[in-house]
file input-v9.txt (compact mmCIF, C-alpha atoms (C1' of nucleotides))
# COMPACT_ATOMS: atom_id res chain seq x y z
CA MET L 1 8.27 14.06 1.85
CA ASP L 2 11.14 11.82 2.82
CA ILE L 3 11.23 9.73 -0.34
CA LYS L 4 12.40 12.87 -2.10
CA TYR L 5 15.57 12.98 -0.06
CA ALA L 6 16.09 9.25 -0.25
CA ILE L 7 16.09 9.60 -4.04
CA LEU L 8 18.42 12.59 -3.94
CA GLY L 9 20.74 10.56 -1.74
CA LEU L 10 20.84 7.59 -4.08
CA LEU L 11 21.35 9.87 -7.07
CA SER L 12 24.29 11.51 -5.30
CA TRP L 13 26.19 8.25 -5.77
CA ARG L 14 25.53 7.89 -9.46
CA GLU L 15 22.91 8.59 -12.10
CA LEU L 16 20.00 6.22 -12.01
CA SER L 17 16.71 5.53 -13.76
CA GLY L 18 13.37 5.21 -12.01
CA TYR L 19 13.59 1.50 -12.57
CA ASP L 20 17.02 1.38 -10.90
CA LEU L 21 15.64 3.26 -7.90
CA LYS L 22 12.70 0.92 -7.68
CA LYS L 23 14.98 -2.10 -7.59
CA MET L 24 17.19 -0.54 -4.94
CA MET L 25 14.27 0.35 -2.72
CA GLN L 26 12.15 -2.70 -3.01
CA ASP L 27 12.27 -5.15 -0.13
CA SER L 28 14.37 -2.63 1.74
CA GLU L 29 13.67 -2.01 5.39
CA LEU L 30 15.43 1.34 5.18
CA PHE L 31 13.57 2.62 2.11
CA TYR L 32 10.24 1.68 3.50
CA TRP L 33 8.26 2.77 0.44
CA SER L 34 8.72 -0.79 -0.77
CA GLY L 35 9.85 0.13 -4.24
CA ASN L 36 6.56 1.88 -4.85
CA ASN L 37 6.39 2.63 -8.57
CA ASN L 38 3.94 5.43 -8.32
CA GLN L 39 5.79 7.51 -5.78
CA ILE L 40 9.20 7.03 -7.37
CA TYR L 41 8.19 8.06 -10.89
CA SER L 42 6.10 11.02 -9.77
CA THR L 43 8.76 12.20 -7.35
CA LEU L 44 11.29 12.15 -10.17
CA VAL L 45 9.01 14.32 -12.31
CA HIS L 46 8.57 16.63 -9.36
CA LEU L 47 12.31 16.85 -8.69
CA HIS L 48 12.87 17.66 -12.34
CA HIS L 49 10.33 20.49 -12.16
CA GLU L 50 12.10 21.83 -9.11
CA GLY L 51 15.37 21.73 -10.98
CA LEU L 52 16.99 19.36 -8.51
CA VAL L 53 17.68 16.68 -11.12
CA ASP L 54 18.66 16.54 -14.77
CA VAL L 55 17.41 13.90 -17.18
CA GLN L 56 19.36 12.26 -19.92
CA LEU L 57 17.37 10.19 -22.40
CA GLN L 58 18.77 6.92 -23.63
CA PRO L 59 16.87 5.45 -26.59
CA GLN L 60 17.05 1.69 -26.72
CA GLU L 61 15.98 -0.87 -29.25
CA HIS L 62 12.88 -2.89 -28.36
CA LEU L 63 12.59 -1.14 -25.00
CA PRO L 64 11.10 2.14 -23.73
CA ILE L 65 13.46 5.10 -23.55
CA ARG L 66 15.60 4.94 -20.44
CA LYS L 67 15.60 8.14 -18.43
CA LEU L 68 18.80 8.60 -16.52
CA TYR L 69 18.51 11.07 -13.69
CA SER L 70 21.41 12.91 -12.10
CA LEU L 71 21.70 15.62 -9.45
CA THR L 72 22.03 19.26 -10.40
CA ILE L 73 24.01 21.69 -8.26
CA GLU L 74 20.69 22.73 -6.71
CA GLY L 75 19.92 19.08 -6.05
CA LYS L 76 23.21 18.61 -4.24
CA ASP L 77 22.52 21.71 -2.17
CA ALA L 78 19.01 20.57 -1.31
CA LEU L 79 20.38 17.23 -0.15
CA LYS L 80 23.12 18.82 1.92
CA HIS L 81 20.63 21.17 3.48
CA TRP L 82 18.41 18.30 4.49
CA LEU L 83 21.32 16.37 5.95
CA ILE L 84 22.01 18.99 8.57
CA SER L 85 18.32 19.58 9.33
CA GLU L 86 16.57 18.46 12.51
CA PRO L 87 16.45 14.65 12.76
CA GLN L 88 13.04 13.01 13.05
CA LEU L 89 12.07 10.54 15.72
CA PRO L 90 11.48 7.02 14.44
CA GLN L 91 7.86 6.19 13.78
CA LEU L 92 7.05 2.99 15.61
CA ARG L 93 3.72 1.60 14.54
CA LYS L 94 3.15 -1.52 16.55
CA THR L 95 -0.32 -2.74 15.75
CA PHE L 96 0.43 -5.98 17.50
CA LEU L 97 0.48 -4.18 20.85
CA ILE L 98 -3.14 -3.09 20.33
CA GLN L 99 -4.09 -6.60 19.39
CA LEU L 100 -2.36 -7.95 22.47
CA ALA L 101 -3.92 -5.35 24.75
CA TRP L 102 -7.41 -6.63 24.06
CA SER L 103 -6.40 -10.28 23.97
CA ILE L 104 -6.21 -10.60 27.72
CA ASP L 105 -9.71 -12.11 27.88
CA LEU L 106 -8.71 -14.94 25.59
CA SER L 107 -7.48 -18.21 27.09
CA HIS L 108 -3.89 -18.47 28.23
CA GLN L 109 -3.38 -20.91 25.41
CA GLU L 110 -4.70 -18.52 22.78
CA ILE L 111 -2.56 -15.62 23.99
CA ASP L 112 0.47 -17.87 24.05
CA ASN L 113 -0.29 -18.87 20.47
CA LEU L 114 -0.60 -15.26 19.46
CA LEU L 115 2.74 -14.39 21.01
CA ALA L 116 4.37 -17.45 19.48
CA THR L 117 3.10 -16.45 16.04
CA TYR L 118 4.39 -12.95 16.54
CA GLU L 119 7.77 -14.27 17.63
CA ASN L 120 7.96 -16.44 14.55
CA GLU L 121 7.20 -13.59 12.23
CA VAL L 122 9.77 -11.38 13.88
CA ARG L 123 12.34 -14.15 13.89
CA LEU L 124 11.75 -14.77 10.21
CA ARG L 125 12.25 -11.08 9.46
CA LEU L 126 15.48 -11.13 11.45
CA VAL L 127 16.79 -14.22 9.70
CA MET L 128 15.97 -12.71 6.32
CA LEU L 129 17.81 -9.52 7.20
CA LYS L 130 20.87 -11.44 8.31
CA GLU L 131 20.73 -13.53 5.19
CA GLN L 132 20.47 -10.46 2.97
CA LEU L 133 23.40 -8.92 4.78
CA LYS L 134 25.51 -12.04 4.34
CA ARG L 135 24.65 -12.31 0.67
CA GLY L 136 25.35 -8.65 0.11
CA THR L 137 21.91 -7.99 -1.36
CA LEU L 138 21.43 -5.03 0.97
CA ILE L 139 22.71 -1.62 0.02
CA ASN L 140 25.94 -1.52 1.97
CA PRO L 141 28.61 0.80 0.58
CA ALA L 142 32.07 0.79 2.15
CA ARG L 143 34.21 3.23 0.21
CA ASN L 144 35.98 4.27 3.39
CA PRO L 145 36.07 3.17 7.06
CA ARG L 146 33.49 5.71 8.14
CA GLU L 147 30.99 4.75 5.48
CA LYS L 148 31.55 1.10 6.20
CA TYR L 149 31.00 1.62 9.91
CA VAL L 150 27.90 3.77 9.53
CA TRP L 151 26.18 1.34 7.19
CA SER L 152 26.97 -1.60 9.43
CA MET L 153 25.36 0.35 12.26
CA ILE L 154 22.30 1.11 10.13
CA TRP L 155 21.59 -2.55 9.55
CA ASP L 156 22.48 -3.30 13.17
CA ASN L 157 19.83 -0.86 14.21
CA TYR L 158 17.07 -2.88 12.54
CA MET L 159 18.44 -6.18 13.74
CA GLN L 160 18.65 -4.83 17.25
CA SER L 161 15.03 -3.66 17.06
CA TYR L 162 13.79 -7.05 15.97
CA GLN L 163 16.01 -8.84 18.45
CA ALA L 164 14.61 -6.70 21.26
CA GLU L 165 11.10 -7.48 20.09
CA LEU L 166 11.86 -11.19 20.29
CA GLU L 167 13.20 -10.96 23.81
CA TRP L 168 10.26 -8.86 24.87
CA ALA L 169 7.78 -11.40 23.52
CA SER L 170 9.64 -14.26 25.10
CA LYS L 171 9.64 -12.54 28.49
CA LEU L 172 5.94 -11.84 28.17
CA ARG L 173 5.18 -15.48 27.43
CA ARG L 174 7.18 -16.66 30.42
CA ASN L 175 5.58 -14.27 32.87
CA LEU L 176 2.01 -13.93 31.68
CA PRO L 177 -0.28 -14.46 34.68
CA GLU L 178 -2.75 -17.33 34.34
CA MET M 1 -7.71 -0.41 8.69
CA ASP M 2 -6.31 -0.78 12.17
CA ILE M 3 -7.98 2.28 13.67
CA LYS M 4 -11.24 0.43 13.25
CA TYR M 5 -10.14 -2.28 15.65
CA ALA M 6 -8.56 0.18 18.05
CA ILE M 7 -11.96 1.88 18.29
CA LEU M 8 -13.79 -1.41 18.72
CA GLY M 9 -11.34 -2.28 21.50
CA LEU M 10 -11.87 0.97 23.36
CA LEU M 11 -15.65 0.66 22.97
CA SER M 12 -15.50 -2.85 24.41
CA TRP M 13 -14.64 -1.26 27.75
CA ARG M 14 -17.46 1.24 27.81
CA GLU M 15 -19.58 3.40 25.53
CA LEU M 16 -17.77 6.46 24.25
CA SER M 17 -18.31 9.46 22.01
CA GLY M 18 -16.06 10.44 19.11
CA TYR M 19 -14.73 13.20 21.28
CA ASP M 20 -13.88 10.74 24.06
CA LEU M 21 -12.02 8.55 21.59
CA LYS M 22 -10.14 11.53 20.25
CA LYS M 23 -8.96 12.47 23.73
CA MET M 24 -7.91 8.92 24.52
CA MET M 25 -5.92 8.58 21.33
CA GLN M 26 -4.26 11.94 21.15
CA ASP M 27 -0.63 12.09 22.18
CA SER M 28 -0.67 8.32 22.46
CA GLU M 29 2.24 6.34 21.14
CA LEU M 30 0.09 3.24 20.94
CA PHE M 31 -2.81 4.83 19.05
CA TYR M 32 -0.55 6.42 16.54
CA TRP M 33 -3.33 8.19 14.64
CA SER M 34 -2.67 11.09 16.97
CA GLY M 35 -6.29 11.71 17.87
CA ASN M 36 -7.06 12.44 14.24
CA ASN M 37 -10.56 13.91 14.11
CA ASN M 38 -11.27 13.02 10.58
CA GLN M 39 -10.49 9.35 10.79
CA ILE M 40 -12.24 8.82 14.12
CA TYR M 41 -15.54 10.40 13.13
CA SER M 42 -15.67 8.79 9.72
CA THR M 43 -14.68 5.39 11.07
CA LEU M 44 -17.54 5.62 13.58
CA VAL M 45 -20.00 6.33 10.77
CA HIS M 46 -18.53 3.43 8.87
CA LEU M 47 -18.78 1.08 11.85
CA HIS M 48 -22.39 2.10 12.33
CA HIS M 49 -23.15 1.29 8.70
CA GLU M 50 -21.57 -2.09 9.16
CA GLY M 51 -23.72 -2.69 12.21
CA LEU M 52 -20.75 -3.10 14.52
CA VAL M 53 -21.77 -0.21 16.80
CA ASP M 54 -24.98 1.29 18.13
CA VAL M 55 -25.49 5.01 18.69
CA GLN M 56 -27.38 6.63 21.50
CA LEU M 57 -28.09 10.33 21.13
CA GLN M 58 -27.77 12.59 24.13
CA PRO M 59 -29.19 16.07 23.59
CA GLN M 60 -27.45 18.72 25.66
CA GLU M 61 -28.15 22.36 26.35
CA HIS M 62 -25.82 24.80 24.62
CA LEU M 63 -23.79 21.98 23.11
CA PRO M 64 -24.09 19.75 20.04
CA ILE M 65 -25.82 16.43 20.53
CA ARG M 66 -23.50 13.90 22.09
CA LYS M 67 -23.35 10.60 20.25
CA LEU M 68 -22.55 7.71 22.51
CA TYR M 69 -21.32 4.64 20.68
CA SER M 70 -21.43 1.10 22.00
CA LEU M 71 -20.57 -2.30 20.56
CA THR M 72 -23.23 -4.53 19.09
CA ILE M 73 -22.98 -8.33 19.26
CA GLU M 74 -21.58 -8.20 15.73
CA GLY M 75 -19.05 -5.62 16.88
CA LYS M 76 -17.88 -7.85 19.72
CA ASP M 77 -17.55 -10.74 17.30
CA ALA M 78 -15.60 -8.65 14.81
CA LEU M 79 -13.21 -7.58 17.56
CA LYS M 80 -12.74 -11.12 18.84
CA HIS M 81 -12.12 -12.35 15.34
CA TRP M 82 -9.43 -9.73 14.80
CA LEU M 83 -7.77 -10.59 18.11
CA ILE M 84 -6.98 -14.13 17.04
CA SER M 85 -5.93 -13.12 13.54
CA GLU M 86 -2.35 -13.10 12.25
CA PRO M 87 -0.24 -10.51 14.11
CA GLN M 88 1.46 -7.84 12.01
CA LEU M 89 5.13 -7.00 12.15
CA PRO M 90 5.90 -3.60 13.63
CA GLN M 91 6.41 -0.87 11.04
CA LEU M 92 9.71 0.80 11.80
CA ARG M 93 10.11 3.98 9.82
CA LYS M 94 13.46 5.41 10.71
CA THR M 95 14.05 8.39 8.48
CA PHE M 96 17.00 9.38 10.60
CA LEU M 97 18.93 6.39 9.33
CA ILE M 98 18.62 7.67 5.77
CA GLN M 99 19.76 11.09 6.87
CA LEU M 100 22.71 9.59 8.69
CA ALA M 101 23.65 7.37 5.78
CA TRP M 102 24.34 10.35 3.55
CA SER M 103 25.90 12.44 6.30
CA ILE M 104 29.21 10.65 6.19
CA ASP M 105 30.74 13.34 3.99
CA LEU M 106 30.01 16.02 6.56
CA SER M 107 32.67 16.92 9.10
CA HIS M 108 33.10 14.73 12.16
CA GLN M 109 31.79 17.64 14.19
CA GLU M 110 28.62 17.97 12.13
CA ILE M 111 27.82 14.26 12.30
CA ASP M 112 28.41 14.31 16.03
CA ASN M 113 26.00 17.25 16.31
CA LEU M 114 23.43 15.39 14.29
CA LEU M 115 23.70 12.33 16.51
CA ALA M 116 23.59 14.47 19.63
CA THR M 117 20.41 16.15 18.44
CA TYR M 118 18.88 12.80 17.66
CA GLU M 119 19.82 11.51 21.10
CA ASN M 120 18.25 14.52 22.73
CA GLU M 121 15.00 14.09 20.87
CA VAL M 122 14.84 10.42 21.71
CA ARG M 123 15.75 11.10 25.33
CA LEU M 124 13.02 13.70 25.56
CA ARG M 125 10.48 11.26 24.15
CA LEU M 126 11.59 8.68 26.70
CA VAL M 127 11.38 11.12 29.60
CA MET M 128 7.91 12.21 28.52
CA LEU M 129 6.75 8.62 28.32
CA LYS M 130 8.07 7.87 31.80
CA GLU M 131 6.48 11.02 33.11
CA GLN M 132 3.12 10.14 31.55
CA LEU M 133 3.35 6.67 33.04
CA LYS M 134 4.11 8.05 36.49
CA ARG M 135 1.29 10.57 36.33
CA GLY M 136 -1.13 7.94 35.08
CA THR M 137 -2.05 9.93 31.99
CA LEU M 138 -1.45 6.91 29.80
CA ILE M 139 -4.17 4.38 29.23
CA ASN M 140 -3.18 1.71 31.69
CA PRO M 141 -6.00 -0.52 32.92
CA ALA M 142 -5.30 -3.03 35.68
CA ARG M 143 -8.57 -4.77 36.49
CA ASN M 144 -6.70 -8.03 37.09
CA PRO M 145 -3.08 -9.20 37.31
CA ARG M 146 -2.93 -10.27 33.71
CA GLU M 147 -4.26 -6.99 32.37
CA LYS M 148 -1.91 -5.07 34.62
CA TYR M 149 1.08 -7.09 33.48
CA VAL M 150 0.26 -6.88 29.78
CA TRP M 151 -0.19 -3.11 29.84
CA SER M 152 3.01 -2.61 31.77
CA MET M 153 4.75 -4.64 29.09
CA ILE M 154 3.15 -2.57 26.33
CA TRP M 155 4.60 0.65 27.68
CA ASP M 156 7.87 -1.14 28.42
CA ASN M 157 8.04 -2.07 24.79
CA TYR M 158 8.14 1.56 23.68
CA MET M 159 10.54 2.59 26.41
CA GLN M 160 12.81 -0.28 25.49
CA SER M 161 12.74 0.78 21.84
CA TYR M 162 13.74 4.33 22.66
CA GLN M 163 16.32 3.20 25.19
CA ALA M 164 17.89 0.95 22.58
CA GLU M 165 17.94 3.83 20.13
CA LEU M 166 19.82 5.95 22.67
CA GLU M 167 22.42 3.30 23.29
CA TRP M 168 22.84 2.74 19.59
CA ALA M 169 23.42 6.44 18.95
CA SER M 170 25.84 6.70 21.82
CA LYS M 171 27.85 3.76 20.56
CA LEU M 172 27.93 5.26 17.09
CA ARG M 173 29.24 8.55 18.41
CA ARG M 174 31.99 6.86 20.37
CA ASN M 175 33.19 4.72 17.51
CA LEU M 176 32.67 6.86 14.43
CA PRO M 177 35.91 6.82 12.43
CA GLU M 178 37.50 10.21 11.84
C1' DA F 1 3.78 -22.17 -22.38
C1' DA F 2 4.69 -19.31 -18.44
C1' DG F 3 7.05 -16.15 -16.11
C1' DG F 4 10.66 -12.90 -15.15
C1' DA F 5 13.77 -8.88 -16.49
C1' DC F 6 13.69 -4.52 -18.62
C1' DA F 7 11.42 0.19 -18.57
C1' DT F 8 7.97 3.43 -18.61
C1' DG F 9 3.80 5.09 -16.66
C1' DT F 10 -1.43 5.68 -14.80
C1' DA F 11 -5.66 4.67 -11.97
C1' DA F 12 -7.93 3.73 -8.00
C1' DC F 13 -8.01 3.48 -3.54
C1' DA F 14 -6.60 3.61 1.41
C1' DC F 15 -4.61 5.90 5.12
C1' DG F 16 -2.97 10.16 7.68
C1' DT F 17 -2.42 15.11 8.85
C1' DT F 18 -3.67 19.86 9.30
C1' DA F 19 -6.73 23.24 9.32
C1' DC F 20 -11.15 25.10 9.39
C1' DA F 21 -16.17 25.88 10.95
C1' DT F 22 -19.67 26.34 14.67
C1' DG F 23 -20.84 28.19 19.31
C1' DA F 24 -21.66 28.33 24.45
C1' DT F 25 -19.16 27.99 28.82
C1' DT F 26 -15.31 28.17 31.75
C1' DT F 27 -10.58 29.16 32.91
C1' DT F 28 -6.31 31.92 32.62
C1' DA D 1 -9.23 39.61 26.14
C1' DA D 2 -7.56 35.22 24.95
C1' DA D 3 -7.57 30.52 25.18
C1' DA D 4 -9.17 26.07 26.57
C1' DT D 5 -13.05 22.59 27.06
C1' DC D 6 -16.91 20.45 25.12
C1' DA D 7 -18.71 18.30 20.76
C1' DT D 8 -19.76 17.79 16.25
C1' DG D 9 -18.20 17.67 11.57
C1' DT D 10 -15.91 18.87 6.64
C1' DA D 11 -12.23 20.24 3.22
C1' DA D 12 -7.98 19.92 1.32
C1' DC D 13 -4.07 17.90 0.91
C1' DG D 14 -0.25 14.59 1.39
C1' DT D 15 1.49 9.95 1.63
C1' DG D 16 1.43 4.94 0.60
C1' DT D 17 -0.23 0.54 -1.62
C1' DT D 18 -1.96 -2.41 -5.22
C1' DA D 19 -3.01 -3.29 -9.56
C1' DC D 20 -3.03 -2.46 -14.29
C1' DA D 21 -1.16 -1.28 -19.13
C1' DT D 22 2.42 -1.72 -22.80
C1' DG D 23 5.78 -4.72 -25.30
C1' DT D 24 10.29 -7.22 -26.24
C1' DC D 25 13.63 -10.47 -24.98
C1' DC D 26 15.39 -14.28 -22.27
C1' DT D 27 15.02 -18.11 -19.12
C1' DT D 28 12.63 -21.97 -16.95

call {"tool": "encode", "arguments": {"input": "input-v9.txt", "output": "structure tokens"}}
result
Amino acid sequence: MDIKYAILGLLSWRELSGYDLKKMMQDSELFYWSGNNNQIYSTLVHLHHEGLVDVQLQPQEHLPIRKLYSLTIEGKDALKHWLISEPQLPQLRKTFLIQLAWSIDLSHQEIDNLLATYENEVRLRLVMLKEQLKRGTLINPARNPREKYVWSMIWDNYMQSYQAELEWASKLRRNLPE
Amino acid sequence: MDIKYAILGLLSWRELSGYDLKKMMQDSELFYWSGNNNQIYSTLVHLHHEGLVDVQLQPQEHLPIRKLYSLTIEGKDALKHWLISEPQLPQLRKTFLIQLAWSIDLSHQEIDNLLATYENEVRLRLVMLKEQLKRGTLINPARNPREKYVWSMIWDNYMQSYQAELEWASKLRRNLPE
DNA sequence: AAGGACATGTAACACGTTACATGATTTT
DNA sequence: AAAATCATGTAACGTGTTACATGTCCTT
């Protein structure tokens, strides 16, 4: 349950509501749960049961009560414990490779089209990432040189992955036997 | 439901049982369902309902009946239709990046350890892939130059991804501010 | 008039993983 | 004696996505 630790991490910066978390996670490559309502709200309830977060209720006029979550001591410990735990390998699910594998009986033209479409999608993703980075709409804290450096490397990691995918596709198109 | 098309693809080569499919998919990077029993057997039932596969029963002594599945015309069409459909972007779930992001408050030593452990895991994965490739335990058909080339590029793609991950981690370790 | 921001939440479904159950035969 | 191979399948659970429901205020 990785979303649990992602939430603990974000809460370690400052107290947040479920809605805040949703906004921070949505459209984020890093928080790949895509701002999923369901998982965020139920994980928060779960974390509260476990005693890893506290809730502070903020009544508002004309709006539902805002529930501000913050880490408890136990929450901070749980996060710290996870941080030094065994890292996981990235999960690379590349459905396109399966599609490509069985496309070899299509015409050269059709395969080339397929690869071109793939390239375009990847390129678009890359451009969007760069754009988000430039506009500062990505989470990108820089309270000290180390934090700044690490976060720049995090976004680099994704850009590098997509860039490599582009070059791979381009090479494949150039060298595909007739 | 991508496993559906992965199964149709494999069946397009030759008729196979659920057990055969399971063996082909397990420990495979490409077929990331990890040889999952449950999904394979139920997808086969589903495909049969849809009329995309035929079943041929093979009674055996001392063993359960073997069910050999093969593609129907409709199955071949469904596969072909999927092949020329819109490619999907790869799904890159890199939990380690989240872990790293909140590790910046650990000691330099601890972060370095974390990165070293990550590198080792990735390196191991890379070595295993290369080993599997050398031993021919990966699915790697080469009935013609194009098929041979495409499959070599498929496995290259994964090796490239892991290689890039290694270089990224190494760079991070070298440049991490104190 | 329509849609988005704010803020909570639930329902339904789809996808994925692990473990179990059966039971003979063969290998370690 | 234990474990793997062959071959089917189910149960239980965990994770992830989409859509819906409520209701006010503000912007287009």

call {"tool": "closest_atom_pairs", "arguments": {"input": "input-v9.txt", "of": "chain M", "to": "chain L", "cutoff": "6 Å", "atoms": "only C-alpha atoms", "output": "tab-separated table"}}
result
residue	atom	partner	partner_atom	distance
M:Leu83	CA	L:Gln99	CA	5.6
M:Pro87	CA	L:Phe96	CA	5.7
M:Gln88	CA	L:Phe96	CA	5.9
M:Pro90	CA	L:Lys94	CA	4.5
M:Gln91	CA	L:Arg93	CA	5.1
M:Leu92	CA	L:Leu92	CA	5.1
M:Arg93	CA	L:Gln91	CA	5.1
M:Lys94	CA	L:Pro90	CA	4.5
M:Phe96	CA	L:Pro87	CA	5.7
M:Gln99	CA	L:Leu83	CA	5.6
M:Tyr118	CA	L:Pro87	CA	5.8
M:Arg146	CA	L:Pro177	CA	5.1
M:Pro177	CA	L:Arg146	CA	5.0

call {"tool": "interface_residues", "arguments": {"input": "input-v9.txt", "of": "chain D", "to": "chain M", "cutoff": "9 Å", "atoms": "all atoms listed in the file", "output": "PyMOL selection string"}}
result
chain D and resi 6-10

call {"tool": "interface_residues", "arguments": {"input": "input-v9.txt", "of": "chain F", "to": "chain M", "cutoff": "9 Å", "atoms": "all atoms listed in the file", "output": "short mmCIF file (atom, residue, chain, number, x, y, z; two decimals) with C-alpha atoms (C1' of nucleotides), in the coordinates of the input"}}
result
data_model
loop_
_atom_site.label_atom_id
_atom_site.label_comp_id
_atom_site.auth_asym_id
_atom_site.auth_seq_id
_atom_site.Cartn_x
_atom_site.Cartn_y
_atom_site.Cartn_z
"C1'" DA F 14 -6.60 3.61 1.41
"C1'" DC F 15 -4.61 5.90 5.12
"C1'" DG F 16 -2.97 10.16 7.68
"C1'" DT F 17 -2.42 15.11 8.85
"C1'" DG F 23 -20.84 28.19 19.31
"C1'" DA F 24 -21.66 28.33 24.45
"C1'" DT F 25 -19.16 27.99 28.82
#

call {"tool": "atom_distance", "arguments": {"input": "input-v9.txt", "atom1": "atom CA of L:Leu71", "atom2": "atom CA of L:Asp54"}}
result
6.2 Å

call {"tool": "residues_near_point", "arguments": {"input": "input-v9.txt", "point": "(10.6, -19.1, -17.6)", "cutoff": "6 Å", "atoms": "all atoms listed in the file", "output": "mmCIF file with C-alpha atoms (C1' of nucleotides), in the coordinates of the input"}}
result
data_model
loop_
_atom_site.group_PDB
_atom_site.id
_atom_site.type_symbol
_atom_site.label_atom_id
_atom_site.label_comp_id
_atom_site.auth_asym_id
_atom_site.auth_seq_id
_atom_site.Cartn_x
_atom_site.Cartn_y
_atom_site.Cartn_z
ATOM 1 C "C1'" DA F 2 4.690 -19.310 -18.440
ATOM 2 C "C1'" DG F 3 7.050 -16.150 -16.110
ATOM 3 C "C1'" DT D 27 15.020 -18.110 -19.120
ATOM 4 C "C1'" DT D 28 12.630 -21.970 -16.950
#

call {"tool": "closest_residue", "arguments": {"input": "input-v9.txt", "among": "D:DC26, D:DT5, D:DT17, D:DA12", "to": "F:DT18", "atoms": "all atoms listed in the file"}}
result
D:DA12

call {"tool": "atom_distance", "arguments": {"input": "input-v9.txt", "atom1": "atom C1' of F:DA11", "atom2": "atom C1' of D:DA21"}}
result
10.3 Å
